[in-house]
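Contents: one structure, followed by commentary.
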There are 2 protein chains.
Amino acid sequence: MVTIQQLSQELGIGADTLRVWERRFGFPRPERDARGHRLYPSEQVEHLRIIKKLQNLGHRPKQIFAMTATERQHFLHQQQKPVEQNDLDYLTKKLPVGKIDKELRHRLVQKGLRQFVLQVAVPLIDIMDRRWVDGSLSIAREHLLSDTLAELLKEQLYPQRQPRGRIVFLTLSGERHKLGLLLSAALFHCEGLDCIIIGEELPLVEVEQMTELHGADAVAISFSVHSSTRQAKQDLARLRKNLPERIKLIAGGYALRNGMYLPGILVCTDLNQIGDLCVREFPALNMG
Amino acid sequence: MVTIQQLSQELGIGADTLRVWERRFGFPRPERDARGHRLYPSEQVEHLRIIKKLQNLGHRPKQIFAMTATERQHFLHQQQKPVEQNDLDYLTKKLPVGKIDKELRHRLVQKGLRQFVLQVAVPLIDIMDRRWVDGSLSIAREHLLSDTLAELLKEQLYPQRQPRGRIVFLTLSGERHKLGLLLSAALFHCEGLDCIIIGEELPLVEVEQMTELHGADAVAISFSVHSSTRQAKQDLARLRKNLPERIKLIAGGYALRNGMYLPGILVCTDLNQIGDLCVREFPALNMG
DNA sequence: CCATGATTTTGTCCTAGACAATTGTTCACA
DNA sequence: TGTGAACAATTGTCTAGGACAAAATCATGG
């Protein structure tokens with residue numbers, strides 16, 4: 001028996017949404033305490049878990065709520081793409097906790113940073129994503145994997161001897177997904193650029209200040225799932241106006257996935273574009 | 001100009017509460033967009049920051065809202081200990097970015113971990129807090145200091161040769177304040193315990209699983225400003241019920257500052273108590 | 001087949017009222 | 001003066017049902 005607030009937190013669904021679902025679709029139908037406040041029995045919580053999973057898979061509430069509980073169960077099983085027999089998969093499930101770091105490091109020295117990012121880190125995050133959707137990856141293990149990977153990548157960003165340029169990486173207020181930032185930073189690093197991870201949730205107004213402080217040639221900003229395309233465009237336009245012209249502005253992330261054109265901004269929708277982008281925008285220094 | 005949701009997240013005050021404050025006290029008094037939705041100008045956001053800070057200092061809304069804006073400012077300054085001419089102060093203001101890490105490391109080797117935590121890290125965080133309130137510390141610099149300090153502390157948590165025990169550190173859903181966790185972990189480490197930082201925002205149900213996975217003897221949980229005392233108590237009770245008896249449960253953080261008694265739970269309101277707690281609860285192994 | 005406009009669907013916000021839990025105050029009594 | 005119990009005020013969270021823009025889907029013409 002949980003309150004609406006607990007449920008909201010646990011599922012990541014707004015309390016308002018839960019109430020409106022009840023009004024519109026007749027589910028969930030919680031019991032009430034003496035004051036008339038909602039109390040959700042654990043049975044309904046489980047149903048909601050399934051509903052959330054289906055929603056994560058891209059289905060819309062109308063479609064989901066049209067089904068009966070058993071139909072939903074069935075549908076979910078049918079929908080879940082099996083995680084391929086990827087050789088990375090055991091990292092997310094079987095491997096004992098203490099060995100994850102060792103294993104990742106082994107692969108890093110084997111492949112080199114660039115290949116490691118593209119062939120190990122990206123697919124691994126993809127698997128984690130899918131497991132998250134179907135609920136087969138615990139939050140705790142997800143944290144552990146993310147943190148280990150993040151730390152490993154961060155270590156690789158040592159300063160270059162003859163940097164082709166210097167980029168500060170950040171996300172704006174409200175964002176946080178360090179891994180995305182680190183992945184792109186690692187690839188820029190491979191191209192000979194100094195990469196500085198500033199941190200997350202930086203207010204718009206402080207970006208310029210930070211650029212100056214670090215003597216950077218460029219700012220790279222990542223927009224995650226949570227920010228709308230419109231908001232991203234707006235923020236970028238404002239930033240471009242405030243930033244000196246010589247500072248390049250690189251933008252990427254889910255919110256910009258459609259690859260629109262924005263004046264004065266280097267939109268980068270794919271990690272594979274980073275190589276080309278560097279060749280174009282950061283001409284190599286003369287060899288001494 | 002921010003929406004009520006953004007504001008709610010930023011301040012850690014529920015949207016309902018913000019509306020009810022407006023109704024009862026006449027502040028904040030946001031503007032409205034075309035639909036009649038609230039839009040808070042940044043000026044009011046700053047005032048709310050001060051109000052939240054006063055509330056954290058233990059004052060009640062009635063008292064706070066009875067004052068005018070300038071009175072509140074005054075009152076807050078009066079309440080706050082002034083930033084002493086502490087020799088740490090220059091870290092937050094003057095020191096060039098690149099030297100922060102070096103400076104902290106220097107002090108660490110000079111003082112040793114224990115004294116570093118108590119005499120450097122804690123006062124530094126305190127100064128950052130106060131500077132944050134009066135706006136004289138930019139978010140960017142705060143991030144930088146926090147991250148540098150966190151990384152430094154994390155490095156120190158190498159495994160013990162003959163651990164007196166093993167503790168996993170975590171915060172529950174919705175919490176995040178890594179530094180607090182790391183500070184206490186560092187002190188437990190000084191007492192000869194293996195400390196494992198699990199991560200933040202772990203769902204309640206996964207705590208037990210994590211403890212087993214790491215073979216821990218104890219779980220340490222920190223409750224920050226954002227969680228209410230009531231919620232903290234409730235979570236702890238639930239956790240105690242689910243966890244095997246042999247697993248100790250250590251709780252600390254702002255929400256438990258009053259030091260109430262909770263059956264079967266080691267409440268730790270002050271970093272200085274950690275030494276005693278370890279002596280009591282983790283008897284040293286026989287010397288080989 | 002793609003673009004563009006019309007039509008659902010959906011999440012979030014609105015108002016104003018209610019009430020339990022917490023905190024503060026009063027007052028009798030040792 | 002201190003203690004504790006009864007009473008009063010304060011405060012955060014919940015309720016209901018209505019509203020509406022942004023996003024998604026559908027329909028239509030090129």
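Letters for chains follow the order of the structure tokens (A, B, ...), residue numbers begin at 1 for each chain, and ligand numbers begin at 1 in the order shown.
Over all paired C-alpha atoms, chain A superimposes on chain B with an RMSD of 2.6 Å.
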Wanna dump the chain D-segment 12-29 of chain C contacts at 10 Å for me, each residue with its shortest atom pair and the distance in Å to one decimal, counting only C-alpha atoms (C1' of nucleotides), ordered by chain and number, as CSV?
```
residue,atom,partner,partner_atom,distance
D:DT3,C1',C:DC29,C1',9.0
D:DG4,C1',C:DC29,C1',9.4
D:DA5,C1',C:DA28,C1',9.2
D:DA6,C1',C:DT26,C1',8.8
D:DC7,C1',C:DT26,C1',7.9
D:DA8,C1',C:DT25,C1',7.6
D:DA9,C1',C:DG24,C1',7.5
D:DT10,C1',C:DT23,C1',7.4
D:DT11,C1',C:DT22,C1',8.0
D:DG12,C1',C:DA21,C1',9.2
D:DT13,C1',C:DC19,C1',9.6
D:DC14,C1',C:DA18,C1',8.4
D:DT15,C1',C:DA18,C1',7.9
D:DA16,C1',C:DG17,C1',9.8
D:DG18,C1',C:DC14,C1',8.1
D:DA19,C1',C:DC14,C1',7.5
D:DC20,C1',C:DC13,C1',9.0
D:DA21,C1',C:DT12,C1',9.8
```
Which residues of chain B have any atom within 10 Å of an atom in chain D when counting only C-alpha atoms (C1' of nucleotides), and what is the closest pair of atoms for each, with the distance in Å to one decimal? Order the rows by chain and rising number and write it as a Markdown table.
```
| residue | atom | partner | partner_atom | distance |
| --- | --- | --- | --- | --- |
| B:Gly14 | CA | D:DG12 | C1' | 8.8 |
| B:Asp16 | CA | D:DT13 | C1' | 7.4 |
| B:Thr17 | CA | D:DG12 | C1' | 6.5 |
| B:Val20 | CA | D:DG12 | C1' | 8.8 |
| B:Trp21 | CA | D:DT11 | C1' | 9.7 |
| B:Arg35 | CA | D:DC20 | C1' | 7.4 |
| B:Arg60 | CA | D:DT10 | C1' | 8.9 |
| B:Pro61 | CA | D:DT11 | C1' | 8.2 |
| B:Lys62 | CA | D:DT10 | C1' | 7.7 |
```
Dump N, CA, C and O atoms for the selected residues as a short mmCIF file (atom, residue, chain, number, x, y, z; two decimals), in the first residue's frame?
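Output saved as out-v2.cif:
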```cif
data_model
loop_
_atom_site.label_atom_id
_atom_site.label_comp_id
_atom_site.auth_asym_id
_atom_site.auth_seq_id
_atom_site.Cartn_x
_atom_site.Cartn_y
_atom_site.Cartn_z
N GLY B 14 7.88 21.58 -3.17
CA GLY B 14 6.81 21.04 -4.00
C GLY B 14 6.01 22.13 -4.70
O GLY B 14 5.86 23.24 -4.18
N ASP B 16 2.88 22.22 -5.16
CA ASP B 16 1.72 22.52 -4.33
C ASP B 16 2.06 23.54 -3.26
O ASP B 16 1.30 24.46 -2.97
N THR B 17 3.21 23.36 -2.67
CA THR B 17 3.64 24.27 -1.62
C THR B 17 3.83 25.68 -2.17
O THR B 17 3.41 26.66 -1.55
N VAL B 20 0.49 27.23 -2.55
CA VAL B 20 -0.17 27.53 -1.28
C VAL B 20 0.51 28.71 -0.58
O VAL B 20 -0.15 29.50 0.09
N TRP B 21 1.79 28.87 -0.76
CA TRP B 21 2.49 30.04 -0.22
C TRP B 21 1.93 31.31 -0.86
O TRP B 21 1.66 32.30 -0.19
N ARG B 35 -1.91 31.32 -21.04
CA ARG B 35 -2.88 30.36 -20.51
C ARG B 35 -3.22 30.59 -19.05
O ARG B 35 -4.00 29.86 -18.47
N ARG B 60 10.32 29.13 10.66
CA ARG B 60 9.09 28.65 10.07
C ARG B 60 8.55 29.68 9.08
O ARG B 60 8.80 30.87 9.22
N PRO B 61 7.80 29.19 8.10
CA PRO B 61 7.29 30.08 7.06
C PRO B 61 6.61 31.34 7.59
O PRO B 61 6.84 32.44 7.09
N LYS B 62 5.78 31.19 8.61
CA LYS B 62 5.04 32.36 9.10
C LYS B 62 5.99 33.50 9.44
O LYS B 62 5.79 34.65 9.06
#
```
Practice prompt. Can you check which residues of chain B have any atom within 10 Å of chain C? Use only C-alpha atoms (C1' of nucleotides) and format it as a list in words.
Written response: Ile4, Gln5, Arg23, Arg35, Gly36, His37, Arg38, Arg60 and Arg230 of chain B
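Take the candidates A:Leu145, A:Leu213, A:Leu57, A:Leu104 and check each one against chain B using only C-alpha atoms; the shortest distance goes to A:Leu213.
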Discussion item. Give me, as a PyMOL selection string, the residues of chain A touching chain B, with the criterion being at most 8 Å (counting only C-alpha atoms).
Written reply: chain A and resi 9-10+97+138-140+143-144+198-199+202-203+206+210+213-214
